[in-house]
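**Q** There's a structure below that I have some questions on.
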Amino acid sequence: MRRIFLSLLAIVVLGGVVLSCGDDDEGPVKLGFLAGLSGDYSEWGPPSQDGAEAAIGVINESGGILGRDAELVVQDNLSTPEGAVTGYNRIREEIHALGGVESDGAVALLGTVAEDEMPTMCPACGTTVLDTEGGNYIWRITASDTTYGIISAQLARDLGFTRVAMLVQQTEGTESPANVFKDVWENKIGGEIIADVRFAPGSDSYQAEVEQAFAGNPEAVYIGAGPQAGIPILREYIARGYDAQILVSPDLQVPDIAEAAAELPTGRILAAQVTDDFESPAYSAFAAAHQEYANKPPPTGFYETNQFDQYIILALAMTAAESTDGPDVAAQIYSITNAPGTKVYTYADGVAALERGEQIDYDGPSGTIELNTSTGNLVSPKVAVQHIVSGGYTAREVIELDASLGR
Amino acid sequence: MQHVIFGLLTGGVLAAATVGFALIRQTENILHIAHGQMLALGAFLSVILITNAGMNVFVAGVVSMLVMGVLGVALGIVVFRPVKDEGGNVLLFTSIGLAFVIYGAIIAIFGTVLRPVPVGFGPRIEFSVPEFVLVLVLAATLAALVGWLLANRSRRAEHRAVVGRWAELWAARGTGVALGLATVAATVLFVLATQSDGFGADNRALNIATGELGMILLSLGAVLSLQFFLSLTRMGRWLRAAASNPALAAVRGIPVRVVSNVVWFIGSALAAMAGVMIAVRRGGVTSPLGWENILVILSAAVLGGTGSIMGVMAAAVLLGLAMDVSALWIPTAYRLVVAFGALILVLFVRPEGLFSTRRRAEQAA
């Protein structure tokens with residue numbers, strides 16, 4: 001009796017294994033969204049996911065991918081490298097491509113996604129590691145921290161400062177642009193760093209750090225931190241009545257920081273951020289999709305357009321490849337994003353052109369997405385200086401990168 | 001010298017959190033890891049009351065303390081009482097499991113995005129270094145006197161003739177030693193302040209916000225109130241008796257279950273109070289708040305040792321000072337390394353903790 005039972009159990013288990021290894025060509029095309037829904041990046045989480053969901057909605061509205069529905073597989077990475085690894089391991093077996101990745105996750109998963117041949121998009125990662133290490137199975141459709149660091153140094157120079165302090169959180173996403181800023185400021189511009197204060201996140205107070213950074217009366221202070229540290233730092237700055245110019249890293253360009261700094265004069269806090277192409281027909285289509293699928297108009301400054309574009313690019317690449325296999329999709333990425341080709345601004349137009357046998361050049365709401373075919377980085381990101389006006393960040397002048405400051 | 005003020009503030013807030021943890025540890029014999037999550041839950045609750053209900057921060061804090069106190073009692077009855085006799089490991093892992101449950105509840109209820117706390121610290125008070133050191137010395141002396149009175153209450157009549165003998169301060173249970181150390185430290189600081197540029201020999205003005213001073217005084221008041229409660233009230237004596245020998249306490253008619261409920265209420269309320277102060281200090285709360293604080297709380301409790309609430313408070317203040325004053329010489333990124341390094345060093349020399357009364361009790365026995 002026991003032998004019969006064990007035999008039946010083995011058959012059931014084996015049958016389940018066989019059935020679970022179903023034909024991968026059926027069922028939805030699953031696109032992973034691995035982002036910081038909790039932790040330091042949580043402010044970007046929901047609006048980023050809205051952008052991603054809008055893309056999925058647009059794709060399915062236009063017939064899906066290769067006749068199959070697209071499905072977003074959402075996984076929180078806890079805003080940490082460890083969370084990114086754990087989160088990716090949870091979804092790697094079921095997804096066909098990965099998006100939403102941030103700096104910490106990109107660095108942590110760089111080798112893994114290449115081994116898995118998993119096409120991976122970085123819509124919001126600035127890490128300088130990707131300046132040279134991307135382009136194979138990982139592509140970045142936003143500006144590098146190198147760009148942000150150079151632009152911040154350029155801003156400080158153009159404002160006439162010579163003595164700058166730094167207050168930097170020790171995480172990948174914040175140290176990356178800060179180190180570029182320091183290198184360019186000292187070695188290219190010849191400025192002085194009078195204090196370089198590095199701190200670990202997660203503290204209840206940063207009073208000692210702020211005291212150290214401002215003790216030497218700097219003309220400007222570069223603050224690279226996440227919002228959790230940024231808010232108490234700004235409160236301390238305001239409470240102590242400091243008046244040095246503040247240059248903030250991209251992670252601090254969120255509404256909570258702008259609200260915390262609302263009482264400061266306009267222009268006291270400056271930031272450099274990639275700006276969307278609001279004039280593009282792609283943006284109009286994106287805004288309509290965002291309103292339809294997220295039930296609200298799109299915000300700005302949360303990489304929502306980049307999140308949208310990454311899945312359109314992946315879906316178009318799958319369409320061009322007529323396959324969801326990693327190597328086939330990866331081989332099509334540059335043909336989708338780069339000239340020459342028929343300019344397309346929507347997923348539907350792209351699919352139609354591909355079905356006509358044309359090569360396409362997709363431009364999305366985030367801008368002209370021309371990628372360097374060696375590194376997978378944007379060739380010419382569009383960056384604007386942001387000011388805090390009435391408790392919110394507002395893009396002012398577009399800034400051209402000074403080529404002499406390039407690394 | 002400004003860093004000393006930062007350290008006192010850090011230590012004061014830490015003391016409020018640690019004393020509650022230590023009370024539960026001493027009486028219920030649990031390393032209550034979920035204490036960090038109770039702190040976080042109290043913080044979130046107060047933030048919601050401030051931002052959504054428009055409550056004043058003090059009122060919101062009191063409400064949060066009451067709610068968390070009641071929740072603590074409920075958890076003590078429902079979660080921990082059934083497994084109280086199963087040993088330390090079971091209690092520890094029950095608390096860890098509860099911590100994850102509360103963490104999950106925090107995320108489910110409040111979400112994962114940062115919630116700003118729109119509460120300022122008020123105007124700043126400026127003073128010179130010698131004035132600051134003088135205040136420290138006076139405060140330490142006053143606290144030592146209070147501690148001496150509390151520690152020696154039962155022998156007050158006997159010692160009336162020798163009130164002037166300051167040596168009695170050092171003999172008092174834990175309290176005198178802790179506060180004596182504070183007096184010595186303050187004296188050393190005064191000497192250094194007048195001799196060393198690093199401590200502001202030019203009388204550069206120091207400052208503290210009224211709200212920050214309020215936090216320090218609130219923490220001190222809470223801990224002193226608890227010490228009074230434990231020393232001077234019948235429930236306090238029951239609590240100490242139940243902590244030292246629960247079985248004997250029950251035999252002698254002490255209502256140990258009522259005592260347990262009181263402990264859970266006080267410990268959880270103190271966690272909530274600390275959570276509110278941390279939320280105000282940070283200017284915002286996020287879901288990992290509890291996990292970010294429990295390790296430091298645990299370390300302060302271990303550093304303080306068992307048997308002395310005032311000793312735990314002193315340990316928390318010392319830890320806070322270590323973390324902030326060390327920033328003058330060591331990069332602030334290593335503040336936790338400094339704190340835990342000091343803890344390890346202390347435990348090498350005195351494994352039972354700086355202010356533990358366990359060794360004295362064992363020697364007396």
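We label chains A, B, ... in the order they appear in the structure tokens, count residues from 1 in each chain, and number ligands from 1 in the order shown.
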Select, as number ranges by chain, those residues of chain A with any atom no more than 10 Å from chain B (distances computed using only C-alpha atoms).
**A** A: 36-46, 78, 168-170, 196-209, 211-212, 227-236, 239-240, 256-257, 259-260
**Q** Considering only C-alpha atoms, return as a list in words whatever protein or nucleic-acid residues lie within 8 Å of region 220-237 of chain B, sequence-local ones (same chain, fewer than 3 positions apart) excluded.
**A**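 Everything that qualifies: Gly12, Ala15, Ala16, Val19, Leu150, Ala151, Ile216, Leu217, Arg240, Ala241, Val259, Ile309, Met310 and Met313 of chain B.
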**Q** Restricting it to N, CA and C atoms, dump the selection as a compact mmCIF listing (two decimals), in the first residue's frame.
**A**
# COMPACT_ATOMS: atom_id res chain seq x y z
N GLY B 12 19.57 61.49 24.83
CA GLY B 12 18.30 61.67 25.54
C GLY B 12 17.17 60.92 24.86
N ALA B 15 17.68 57.30 25.28
CA ALA B 15 17.38 56.87 26.65
C ALA B 15 15.91 56.53 26.80
N ALA B 16 15.05 57.37 26.24
CA ALA B 16 13.61 57.12 26.34
C ALA B 16 13.25 55.78 25.72
N VAL B 19 15.11 52.73 27.92
CA VAL B 19 14.59 52.46 29.27
C VAL B 19 13.36 51.55 29.19
N LEU B 150 16.77 58.70 46.47
CA LEU B 150 15.98 57.54 46.04
C LEU B 150 16.66 56.24 46.46
N ALA B 151 17.96 56.21 46.25
CA ALA B 151 18.67 54.96 46.48
C ALA B 151 18.75 54.63 47.97
N ILE B 216 15.21 66.75 25.54
CA ILE B 216 16.13 66.27 26.56
C ILE B 216 15.44 66.24 27.92
N LEU B 217 14.76 67.32 28.25
CA LEU B 217 14.09 67.41 29.54
C LEU B 217 12.95 66.39 29.64
N ARG B 240 9.66 45.39 40.99
CA ARG B 240 11.04 44.96 41.25
C ARG B 240 11.08 43.57 41.84
N ALA B 241 10.12 43.26 42.68
CA ALA B 241 10.05 41.93 43.27
C ALA B 241 9.77 40.88 42.19
N VAL B 259 1.13 43.26 37.34
CA VAL B 259 2.47 43.85 37.21
C VAL B 259 2.96 43.74 35.78
N ILE B 309 17.69 51.36 36.16
CA ILE B 309 17.08 52.17 35.11
C ILE B 309 17.92 53.41 34.83
N MET B 310 18.39 54.03 35.90
CA MET B 310 19.23 55.21 35.73
C MET B 310 20.53 54.84 35.03
N MET B 313 19.84 54.69 31.41
CA MET B 313 19.76 56.04 30.88
C MET B 313 21.16 56.62 30.68
**Q** Can you pull out every residue within 7 Å of region 362-367 of chain A, counting only C-alpha atoms, but drop anything in the same chain fewer than 3 positions away, and send it as a list in words?
**A** Asp276, Asp277, Ser280, Ala282, Tyr283, Phe286, Thr305, Asn306, Asp309, Ile336, Thr337, Lys343, Val344 and Tyr345 of chain A
**Q** Please report the interatomic distance between CA of Thr342 (chain A) and CA of Gln359 (chain A) in Å with one decimal.
**A**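 The value is 6.2 Å.
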**Q** Take CA of Leu343 (chain B) and CA of Leu303 (chain B) and report the distance between them in Å, one decimal.
**A**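 Separating CA of Leu343 (chain B) from CA of Leu303 (chain B) is a distance of 6.1 Å.
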**Q** Could you work out how far CA of Pro299 (chain A) lies from CA of Ala124 (chain A), giving the answer in Å with one decimal?
**A**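 Those two atoms sit 15.2 Å apart.
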**Q** Which residues, written as a VMD selection string, have at least one atom at most 12 Å from Asn89 (chain A), with only C-alpha atoms counted and residues fewer than 4 positions away on the same chain left out?
**A** chain A and resid 32 34 75 to 77 82 to 85 93 to 95 98 108 to 109 112 to 113 116
